[in-house]
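Enquirer: Compact mmCIF, C-alpha atoms, saved as model.txt, coming up:
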# COMPACT_ATOMS: atom_id res chain seq x y z
CA MET A 1 143.63 80.75 96.89
CA LYS A 2 144.79 77.94 94.68
CA LEU A 3 141.59 76.11 93.88
CA GLY A 4 143.14 73.66 91.42
CA PRO A 5 144.98 71.42 93.89
CA ILE A 6 142.05 71.44 96.30
CA ILE A 7 139.56 70.35 93.63
CA ALA A 8 142.03 67.75 92.40
CA SER A 9 142.49 66.39 95.91
CA ILE A 10 138.74 66.19 96.46
CA ALA A 11 138.38 64.27 93.19
CA ILE A 12 141.20 61.93 94.18
CA GLY A 13 139.66 61.45 97.60
CA ALA A 14 136.24 60.66 96.15
CA ALA A 15 137.85 58.16 93.81
CA LEU A 16 139.67 56.67 96.79
CA VAL A 17 136.43 56.21 98.72
CA GLY A 18 134.79 54.57 95.70
CA ALA A 19 137.77 52.36 95.04
CA GLY A 20 137.99 51.45 98.71
CA THR A 21 134.34 50.41 98.80
CA ALA A 22 134.67 48.31 95.65
CA PHE A 23 137.93 46.88 96.97
CA VAL A 24 136.48 45.80 100.28
CA LYS A 25 133.35 44.38 98.67
CA ASN A 26 135.41 42.35 96.25
CA LEU A 27 137.88 41.19 98.83
CA THR A 28 135.26 39.44 100.91
CA PRO A 29 136.91 36.03 101.16
CA TYR A 30 133.64 34.10 101.39
CA ILE A 31 132.22 32.84 98.10
CA THR A 32 128.81 31.34 97.41
CA PHE A 33 128.23 27.60 97.66
CA SER A 34 127.60 27.25 93.93
CA GLU A 35 130.82 29.12 93.21
CA ALA A 36 132.70 26.87 95.63
CA GLN A 37 131.37 23.78 93.87
CA LYS A 38 132.84 25.02 90.57
CA THR A 39 136.26 25.95 91.99
CA ASN A 40 139.16 23.54 92.33
CA GLY A 41 141.44 25.50 94.68
CA THR A 42 141.12 26.37 98.35
CA VAL A 43 138.19 28.67 99.11
CA GLN A 44 136.30 30.03 102.12
CA VAL A 45 132.58 29.51 102.48
CA MET A 46 130.29 30.68 105.24
CA GLY A 47 126.93 29.39 106.28
CA GLY A 48 124.59 28.53 109.12
CA LEU A 49 125.17 25.24 110.88
CA GLU A 50 122.36 22.70 110.65
CA LYS A 51 122.55 21.27 114.16
CA SER A 52 120.79 17.99 113.39
CA SER A 53 123.30 17.20 110.66
CA VAL A 54 126.37 17.10 112.92
CA LYS A 55 127.87 13.61 112.92
CA LEU A 56 131.12 12.21 114.24
CA THR A 57 132.16 9.06 112.38
CA SER A 58 135.63 7.49 112.76
CA GLY A 59 137.30 10.75 113.72
CA ASN A 60 135.66 12.68 110.88
CA LEU A 61 133.30 15.48 111.67
CA SER A 62 130.59 15.92 109.07
CA PHE A 63 127.81 18.46 108.98
CA THR A 64 125.72 20.56 106.62
CA LEU A 65 125.99 24.30 106.12
CA VAL A 66 123.01 26.29 104.93
CA GLU A 67 123.58 29.41 102.87
CA LYS A 68 121.65 32.31 104.35
CA LYS A 69 120.58 34.04 101.14
CA THR A 70 119.78 31.09 98.89
CA GLY A 71 118.99 28.37 101.41
CA GLN A 72 121.39 26.11 99.49
CA ARG A 73 122.91 23.27 101.50
CA LEU A 74 126.54 22.19 101.48
CA PRO A 75 127.81 18.94 103.04
CA VAL A 76 131.14 19.46 104.81
CA VAL A 77 133.70 16.98 106.14
CA PHE A 78 136.40 17.97 108.60
CA GLY A 79 139.15 15.52 109.57
CA HIS A 80 140.60 17.31 112.57
CA THR A 81 139.46 17.79 116.14
CA LYS A 82 136.20 19.62 116.68
CA PRO A 83 136.52 23.36 117.50
CA ALA A 84 135.81 24.14 121.16
CA ASN A 85 132.44 25.84 120.83
CA PHE A 86 131.21 23.94 117.80
CA GLU A 87 127.88 22.90 119.35
CA MET A 88 126.99 26.51 120.12
CA ALA A 89 128.04 27.75 116.70
CA ILE A 90 125.44 29.60 114.68
CA GLU A 91 127.60 30.28 111.67
CA ILE A 92 130.71 28.51 110.47
CA THR A 93 133.40 29.48 108.03
CA ALA A 94 134.93 26.49 106.30
CA ILE A 95 138.25 26.79 104.49
CA GLY A 96 138.88 23.98 102.03
CA HIS A 97 137.83 22.63 98.64
CA TRP A 98 134.94 20.86 96.92
CA ASP A 99 135.93 17.32 95.92
CA GLY A 100 132.92 16.64 93.71
CA SER A 101 130.56 15.29 96.34
CA VAL A 102 131.50 16.96 99.61
CA PHE A 103 133.34 20.04 100.85
CA GLN A 104 136.66 18.92 102.38
CA ALA A 105 137.48 21.45 105.09
CA ASP A 106 141.08 22.02 106.18
CA ASN A 107 140.05 24.52 108.81
CA LEU A 108 136.87 25.66 110.51
CA LEU A 109 136.40 29.15 111.91
CA VAL A 110 133.53 29.61 114.32
CA LYS A 111 131.65 32.89 114.42
CA CYS A 112 131.40 34.07 117.98
CA PRO A 113 128.08 35.04 119.53
CA SER A 114 127.07 38.69 119.34
CA LYS A 115 126.01 38.67 122.99
CA TYR A 116 128.56 39.14 125.73
CA GLN A 117 127.02 37.87 128.94
CA GLY A 118 128.19 35.99 131.98
CA THR A 119 125.46 33.39 132.29
CA GLU A 120 122.65 32.48 129.98
CA THR A 121 120.00 32.42 132.70
CA LYS A 122 120.84 35.90 133.95
CA SER A 123 119.83 37.69 130.77
CA TYR A 124 116.52 35.82 130.56
CA GLY A 125 115.87 36.38 134.24
CA THR A 126 116.21 40.14 134.05
CA LYS A 127 114.13 40.47 130.90
CA MET B 128 145.94 30.47 134.24
CA ASN B 129 143.52 31.00 131.42
CA LEU B 130 143.49 34.77 131.83
CA LEU B 131 147.23 35.21 131.44
CA PRO B 132 147.12 36.17 127.71
CA MET B 133 144.53 38.83 128.51
CA LEU B 134 146.71 40.17 131.31
CA ILE B 135 149.73 40.30 129.01
CA VAL B 136 147.80 42.12 126.28
CA ALA B 137 146.30 44.66 128.69
CA LEU B 138 149.56 45.34 130.49
CA MET B 139 151.52 45.63 127.26
CA ILE B 140 149.11 48.16 125.78
CA LEU B 141 148.43 50.24 128.89
CA GLY B 142 151.99 49.91 130.22
CA GLY B 143 153.34 50.74 126.79
CA LEU B 144 151.18 53.88 126.56
CA PHE B 145 152.24 55.13 129.99
CA ALA B 146 155.90 54.29 129.36
CA PHE B 147 155.73 56.10 126.02
CA THR B 148 154.30 59.32 127.47
CA LEU B 149 156.67 59.33 130.45
CA MET B 150 159.64 58.79 128.13
CA THR B 151 158.42 61.54 125.80
CA GLU B 152 158.28 63.89 128.78
CA ARG B 153 161.92 63.26 129.57
CA ARG B 154 162.91 63.57 125.93
CA ILE B 155 161.14 66.93 125.66
CA ALA B 156 162.81 68.22 128.81
CA ALA B 157 166.21 67.36 127.32
CA ALA B 158 165.32 68.90 123.96
CA GLU B 159 164.01 72.10 125.57
CA LYS B 160 167.23 72.43 127.56
CA ARG B 161 169.17 72.04 124.35
CA LEU B 162 167.02 74.65 122.64
CA ALA B 163 167.73 77.12 125.46
CA GLU B 164 171.47 76.45 125.15
CA LEU B 165 171.38 76.97 121.41
CA GLY B 166 169.53 80.23 122.00
CA ASN B 167 172.19 81.41 124.50
CA ASP B 168 175.03 80.57 122.11
CA LYS B 169 173.71 82.98 119.53
CA MET C 170 152.69 76.99 124.78
CA GLU C 171 150.97 73.66 125.17
CA ARG C 172 149.41 73.21 128.56
CA GLU C 173 151.06 70.39 130.36
CA MET C 174 149.10 67.81 132.27
CA LYS C 175 149.50 68.38 136.00
CA PRO C 176 151.18 65.64 138.07
CA ALA C 177 147.96 65.21 140.06
CA ALA C 178 146.04 64.60 136.83
CA LYS C 179 148.61 62.05 135.74
CA GLY C 180 148.29 60.29 139.08
CA ALA C 181 144.50 60.32 138.79
CA LEU C 182 144.73 58.91 135.28
CA PHE C 183 147.01 56.14 136.47
CA VAL C 184 144.67 55.21 139.32
CA PHE C 185 141.63 55.36 137.01
CA THR C 186 143.34 53.11 134.45
CA ALA C 187 144.40 50.65 137.13
CA GLY C 188 140.79 50.67 138.34
CA CYS C 189 139.49 49.89 134.84
CA LEU C 190 141.96 47.05 134.56
CA SER C 191 141.03 45.61 137.94
CA TYR C 192 137.36 45.76 137.00
CA ILE C 193 138.04 43.73 133.85
CA PHE C 194 139.83 41.03 135.81
CA LEU C 195 137.71 40.98 138.94
CA LYS C 196 134.17 41.78 137.82
CA VAL C 197 133.76 41.02 134.13
CA PRO C 198 132.54 37.43 133.76
CA ALA C 199 133.62 34.91 131.16
CA ALA C 200 131.14 35.17 128.29
CA VAL C 201 128.91 32.22 127.49
CA GLY C 202 129.10 30.63 124.05
CA PHE C 203 132.60 31.69 123.07
CA ALA C 204 135.30 29.22 122.06
CA ASN C 205 137.33 30.67 124.90
CA PRO C 206 134.85 32.26 127.32
CA GLU C 207 137.56 33.64 129.62
CA LEU C 208 139.28 35.49 126.80
CA ALA C 209 136.06 37.08 125.57
CA ARG C 210 137.27 39.85 127.89
CA LEU C 211 139.67 40.82 125.11
CA VAL C 212 136.78 42.81 123.69
CA THR C 213 137.21 45.25 126.57
CA MET C 214 140.54 46.31 125.05
CA HIS C 215 139.72 45.74 121.37
CA LEU C 216 136.64 47.95 121.20
CA PRO C 217 137.99 50.96 123.18
CA CYS C 218 141.05 51.00 120.91
CA ALA C 219 138.73 51.27 117.91
CA TYR C 220 136.78 54.13 119.53
CA VAL C 221 139.99 56.02 120.31
CA ALA C 222 141.23 55.58 116.73
CA LEU C 223 138.07 57.40 115.64
CA VAL C 224 138.61 60.14 118.24
CA ALA C 225 142.20 60.66 117.06
CA ALA C 226 141.12 60.70 113.40
CA THR C 227 138.57 63.38 114.28
CA ILE C 228 141.28 65.45 116.00
CA ALA C 229 143.52 65.11 112.93
CA ALA C 230 140.69 66.23 110.63
CA TRP C 231 139.69 69.10 112.94
CA HIS C 232 143.19 70.59 112.94
CA GLY C 233 143.60 69.83 109.24
CA ILE C 234 140.52 71.99 108.55
CA ALA C 235 141.91 74.65 110.91
CA TYR C 236 145.12 74.70 108.90
CA LEU C 237 143.30 75.08 105.60
CA ARG C 238 141.30 78.01 107.00
CA LYS C 239 144.01 79.92 108.89
CA ARG C 240 147.27 78.58 107.42
CA ASP C 241 148.79 78.34 110.90
CA MET C 242 151.69 75.88 111.10
CA ALA C 243 150.72 74.98 114.68
CA SER C 244 147.53 73.42 113.26
CA ASP C 245 149.62 71.36 110.85
CA ILE C 246 151.63 69.94 113.74
CA LYS C 247 148.46 69.12 115.70
CA SER C 248 146.87 67.45 112.70
CA TYR C 249 150.04 65.42 112.12
CA VAL C 250 150.17 64.29 115.76
CA GLY C 251 146.46 63.39 115.60
CA ALA C 252 147.06 61.24 112.53
CA LYS C 253 149.99 59.51 114.22
CA ILE C 254 147.83 58.62 117.22
CA ALA C 255 145.00 57.47 114.92
CA PHE C 256 147.45 55.17 113.16
CA LEU C 257 148.71 53.86 116.51
CA TYR C 258 145.19 53.00 117.65
CA CYS C 259 144.20 51.45 114.32
CA PHE C 260 147.25 49.29 114.75
CA LEU C 261 146.37 48.39 118.36
CA THR C 262 142.82 47.55 117.28
CA THR C 263 144.22 45.27 114.59
CA ILE C 264 146.63 43.53 116.95
CA THR C 265 144.07 42.95 119.72
CA GLY C 266 141.54 41.90 117.08
CA SER C 267 143.94 39.42 115.56
CA MET C 268 144.58 37.83 118.97
CA PHE C 269 140.86 37.77 119.63
CA ALA C 270 140.33 36.09 116.26
CA LYS C 271 142.93 33.46 117.07
CA VAL C 272 141.35 32.42 120.36
CA GLN C 273 137.71 32.68 119.24
CA TRP C 274 137.57 31.88 115.53
CA GLY C 275 140.75 29.84 115.33
CA SER C 276 142.87 31.94 112.99
CA PHE C 277 144.95 35.10 113.42
CA TRP C 278 144.10 36.35 109.95
CA ASN C 279 141.67 35.02 107.34
CA TRP C 280 140.84 38.25 105.44
CA ASP C 281 137.48 38.67 107.10
CA PRO C 282 135.92 41.86 105.61
CA ARG C 283 136.81 43.92 108.66
CA GLN C 284 140.35 42.64 108.63
CA THR C 285 140.70 43.56 104.96
CA ALA C 286 139.17 46.95 105.65
CA VAL C 287 141.53 47.73 108.51
CA ALA C 288 144.50 46.60 106.41
CA VAL C 289 143.45 49.13 103.76
CA LEU C 290 143.04 51.75 106.48
CA LEU C 291 146.56 51.15 107.80
CA LEU C 292 147.85 51.58 104.23
CA VAL C 293 145.89 54.84 103.91
CA TYR C 294 147.66 56.17 107.00
CA ALA C 295 151.02 54.82 105.82
CA ALA C 296 150.50 56.78 102.57
CA TYR C 297 149.89 59.93 104.66
CA PHE C 298 153.27 59.59 106.36
CA THR C 299 154.95 58.90 103.02
CA LEU C 300 153.26 61.99 101.59
CA ARG C 301 154.58 64.14 104.44
CA ALA C 302 158.07 62.75 104.10
CA SER C 303 158.17 63.37 100.37
CA ILE C 304 157.33 67.09 100.36
CA GLU C 305 160.12 69.52 101.27
CA ASP C 306 158.28 72.83 101.28
CA PRO C 307 156.58 73.10 104.73
CA GLU C 308 153.55 75.05 103.53
CA ARG C 309 152.87 72.81 100.57
CA ARG C 310 153.34 69.79 102.82
CA ALA C 311 150.94 71.20 105.39
CA ALA C 312 148.25 72.01 102.80
CA LEU C 313 148.39 68.66 101.01
CA SER C 314 148.58 66.76 104.32
CA ALA C 315 145.55 68.64 105.61
CA VAL C 316 143.47 67.69 102.58
CA TYR C 317 144.67 64.09 102.63
CA VAL C 318 144.06 63.69 106.35
CA LEU C 319 140.43 64.73 105.84
CA PHE C 320 139.91 61.73 103.59
CA ALA C 321 141.85 59.43 105.88
CA SER C 322 139.60 60.58 108.72
CA ILE C 323 136.44 59.96 106.73
CA LEU C 324 137.74 56.54 105.71
CA THR C 325 138.42 55.61 109.34
CA PRO C 326 134.75 55.12 110.36
CA MET C 327 133.82 54.09 106.81
CA LEU C 328 136.28 51.21 106.63
CA GLY C 329 136.18 50.43 110.32
CA TYR C 330 132.42 50.42 110.77
CA VAL C 331 130.05 51.58 108.05
CA ILE C 332 131.19 49.46 105.09
CA PRO C 333 131.67 46.15 106.97
CA THR C 334 128.45 46.61 108.94
CA PHE C 335 126.02 47.86 106.32
CA PHE C 336 127.50 46.81 102.98
CA ILE C 337 128.89 43.37 103.70
CA ASP C 338 126.63 40.47 104.58
CA GLN C 339 129.00 37.74 105.64
CA SER C 340 131.54 38.21 108.37
CA LEU C 341 132.85 36.41 111.42
CA HIS C 342 132.42 39.71 113.26
CA PRO C 343 129.03 40.29 114.86
CA LYS C 344 127.19 43.14 113.16
CA PHE C 345 125.72 44.63 116.29
CA ALA C 346 127.22 43.17 119.43
CA LYS C 347 125.19 43.28 122.63
CA PHE C 348 126.98 43.64 125.94
CA ASP C 349 125.62 42.93 129.37
CA VAL C 350 126.12 45.60 132.01
CA THR C 351 129.46 44.28 133.30
CA TYR C 352 130.93 44.40 129.81
CA ARG C 353 129.60 47.90 129.22
CA MET C 354 131.01 48.98 132.59
CA ALA C 355 134.41 47.74 131.42
CA ILE C 356 134.37 49.00 127.82
CA TYR C 357 133.23 52.61 128.29
CA PRO C 358 135.48 53.50 131.24
CA MET C 359 138.42 51.89 129.43
CA ALA C 360 137.64 54.09 126.41
CA ILE C 361 137.55 57.11 128.73
CA ALA C 362 140.91 56.13 130.23
CA LEU C 363 142.44 55.82 126.77
CA VAL C 364 141.00 59.16 125.62
CA TRP C 365 142.27 60.79 128.81
CA HIS C 366 145.69 59.34 128.11
CA LEU C 367 145.36 60.55 124.51
CA VAL C 368 145.00 64.13 125.74
CA TRP C 369 148.27 63.78 127.63
CA MET C 370 150.05 62.08 124.73
CA PHE C 371 148.67 64.58 122.22
CA ARG C 372 149.85 67.67 124.09
CA LEU C 373 153.25 66.11 124.74
CA SER C 374 153.77 65.04 121.15
CA VAL C 375 152.79 68.48 119.88
CA ARG C 376 155.31 70.04 122.27
CA ALA C 377 157.98 67.57 121.19
CA GLU C 378 157.30 68.29 117.52
CA LYS C 379 157.53 72.06 118.08
CA VAL C 380 160.79 71.83 120.04
CA ASN C 381 162.34 69.56 117.45
CA GLN C 382 161.36 71.92 114.64
CA ALA C 383 162.74 74.92 116.56
CA ILE C 384 166.05 73.12 117.17
CA ALA C 385 166.28 72.12 113.51
CA GLU C 386 165.72 75.73 112.46
CA LEU C 387 168.31 77.10 114.92
CA GLU C 388 170.87 74.56 113.80
CA LEU C 389 170.21 75.47 110.22
CA THR C 390 170.69 79.20 110.82
CA SER C 391 173.76 78.75 113.05
CA GLU C 392 175.37 76.55 110.39
CA GLY C 393 174.52 79.20 107.82
CA GLY C 394 176.11 81.86 110.04
CA MET C 395 179.32 79.88 110.40
CA ALA C 396 179.75 79.22 106.70
Spit out the file's structure as structure tokens when you get a sec.
Expert:
Amino acid sequence: MKLGPIIASIAIGAALVGAGTAFVKNLTPYITFSEAQKTNGTVQVMGGLEKSSVKLTSGNLSFTLVEKKTGQRLPVVFGHTKPANFEMAIEITAIGHWDGSVFQADNLLVKCPSKYQGTETKSYGTK
Amino acid sequence: MNLLPMLIVALMILGGLFAFTLMTERRIAAAEKRLAELGNDK
Amino acid sequence: MEREMKPAAKGALFVFTAGCLSYIFLKVPAAVGFANPELARLVTMHLPCAYVALVAATIAAWHGIAYLRKRDMASDIKSYVGAKIAFLYCFLTTITGSMFAKVQWGSFWNWDPRQTAVAVLLLVYAAYFTLRASIEDPERRAALSAVYVLFASILTPMLGYVIPTFFIDQSLHPKFAKFDVTYRMAIYPMAIALVWHLVWMFRLSVRAEKVNQAIAELELTSEGGMA
């Protein structure tokens, strides 16, 4: 039995797992709100939608995102049409940049619900 | 119809899988025939 | 050598698959709260593909271990075929996921953690095929492939599930999705249909691989005889 190559492969594999973990963790595209406010380029941020903050003024959609971990708030402006399920959204990903006073979003991605059910009443009814 | 994309996705995947296996069956039959011929030539 | 699937079994599989498909279209309801409620049904293809990728990765690892223990070339072929099917289903999961992302989130690809993870996973499998192609000696190739496929198989659930679910906080993917009974009745049978089909495809591909290798060997020896 050639043990050398086997041990080497195991070491390489372990390194691969470690590198993969680090890689995936680092490649999370979403940065924190404070980081976004210091960056000039296009970034992705993710946060909970504060329902009461949603406003539609002269074609511009504005709302506030709340960062889950820190509770920090980020005002966002979006100039395009509202995504289909925006009212039901719990979390929103905004892609855009911080212009000094507000986050200018070029695109909004809406996190889908984690429940797959036909009607809302049905699930409450059977509970 | 709103469901059309779903239908296309499902049919492409499932149809593709069945088509692939059925084609592989025919390919194998041809290859096995060839193998037998090669064996006879020896 | 490989047992073939009987025509009756193939017919049954076809009927079962058609039944699963009909159920999705006739019984599964549009899901409330999605950007496109009708197309939430895409999950009934997306999730089974991911399950089957894991099944195939397990098969590849199983036969890889068998090769390392017994040094039987038949195990190498089975492990190779398993890895090919795992790659196919990782790819199908990615494609269906990307479509799902487009209709629900609004973007085909935005490097969501799971998307990044699956991209890495596809590269891991691509490296496996490159590794196989680059080694001439069959026994060396089989041994190295077997070791590598073990890690690819471990990485499959790690990158596909464990890391994005337990080590990453923010994602557009739900961490633990809940399905009502109609969705469960669509997802699990569809996974069974795909695994059933996998058995057929696996046996066939192993047979094809063996025949092709036998022909290649015969051609090699007959050419040698003529020279």
Enquirer: Using only C-alpha atoms, which residues sit within 9 Å of Ala219 of chain C once same-chain residues fewer than 2 positions away are excluded, as a PyMOL selection string?
Expert: chain C and resi 214-217+221-224+258-259+261-263+329
Enquirer: Please identify all residues of chain C having at least one atom at most 6 Å from any atom of chain B, considering all atoms listed in the file, and return them as a list in words.
Expert: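 So the residues of chain C near chain B are Met370, Ala377 and Ile384 of chain C.
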Enquirer: Would you list the contacts of Ile323 of chain C as a PyMOL selection string, taking every protein, DNA or RNA residue within 12 Å and counting only C-alpha atoms, but skipping same-chain residues closer than 6 positions in sequence?
Expert: (chain A and resi 13-14+16-17+20) or (chain C and resi 222-231+290+293-294+316-317+329-332)
Enquirer: In Å, rounded to a single decimal, give me how far atom CA of Gly180 of chain C is from atom CA of Thr351 of chain C.
Expert: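 Separation of atom CA of Thr351 of chain C and atom CA of Gly180 of chain C: 25.4 Å.
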Enquirer: Using all atoms listed in the file - which residues lie no farther than 6 Å from the point (150.8, 67.3, 118.7) in the file's frame? Write them as a list of chain:residue names.
Expert: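 Checked against the point, the hits come out as C:Ile246, C:Lys247, C:Val250, C:Phe371, C:Arg372, C:Ser374, C:Val375.
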Enquirer: Please check the contacts: residues of chain A at most 10 Å away from chain C, using only C-alpha atoms, listed as a ChimeraX atom specification.
Expert: /A:5-6,9-10,12-14,16-17,20-21,23-31,44-47,68-69,83-89,91-93,95,107-120,122-123
Enquirer: Excluding Thr81 of chain A and any residue of its chain fewer than 3 positions from it, enumerate the residues within 9 Å of it, using only C-alpha atoms, and give them as a ChimeraX atom specification.
Expert: /A:59-61,78,84
Enquirer: I need the residues from that last selection saved to file as a PDB file, in the coordinates of the input (with C-alpha atoms), if you can.
Expert:
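New file selection_10.pdb:
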ATOM      1  CA  GLY A  59     137.300  10.750 113.720  1.00  0.00           C
ATOM      2  CA  ASN A  60     135.660  12.680 110.880  1.00  0.00           C
ATOM      3  CA  LEU A  61     133.300  15.480 111.670  1.00  0.00           C
ATOM      4  CA  PHE A  78     136.400  17.970 108.600  1.00  0.00           C
ATOM      5  CA  ALA A  84     135.810  24.140 121.160  1.00  0.00           C
TER       6      ALA A  84
END
Enquirer: Return as JSON the box centre and box size in Å, one decimal, for an axis-aligned box around all listed atoms of segment 255-261 of chain C padded by 4 Å per side.
Expert:
{"center_x": 146.5, "center_y": 52.9, "center_z": 115.8, "size_x": 12.5, "size_y": 17.1, "size_z": 13.2}
Enquirer: Interatomic distance between atom CA of Lys2 of chain A and atom CA of Arg240 of chain C?
Expert: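 Taking atom CA of Lys2 of chain A and atom CA of Arg240 of chain C, their separation equals 13.0 Å.
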Enquirer: Please compute the atom CA of Asp99 of chain A-atom CA of Asn40 of chain A distance, one decimal, in Å.
Expert: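 That distance, rounded to one decimal, is 7.9 Å.
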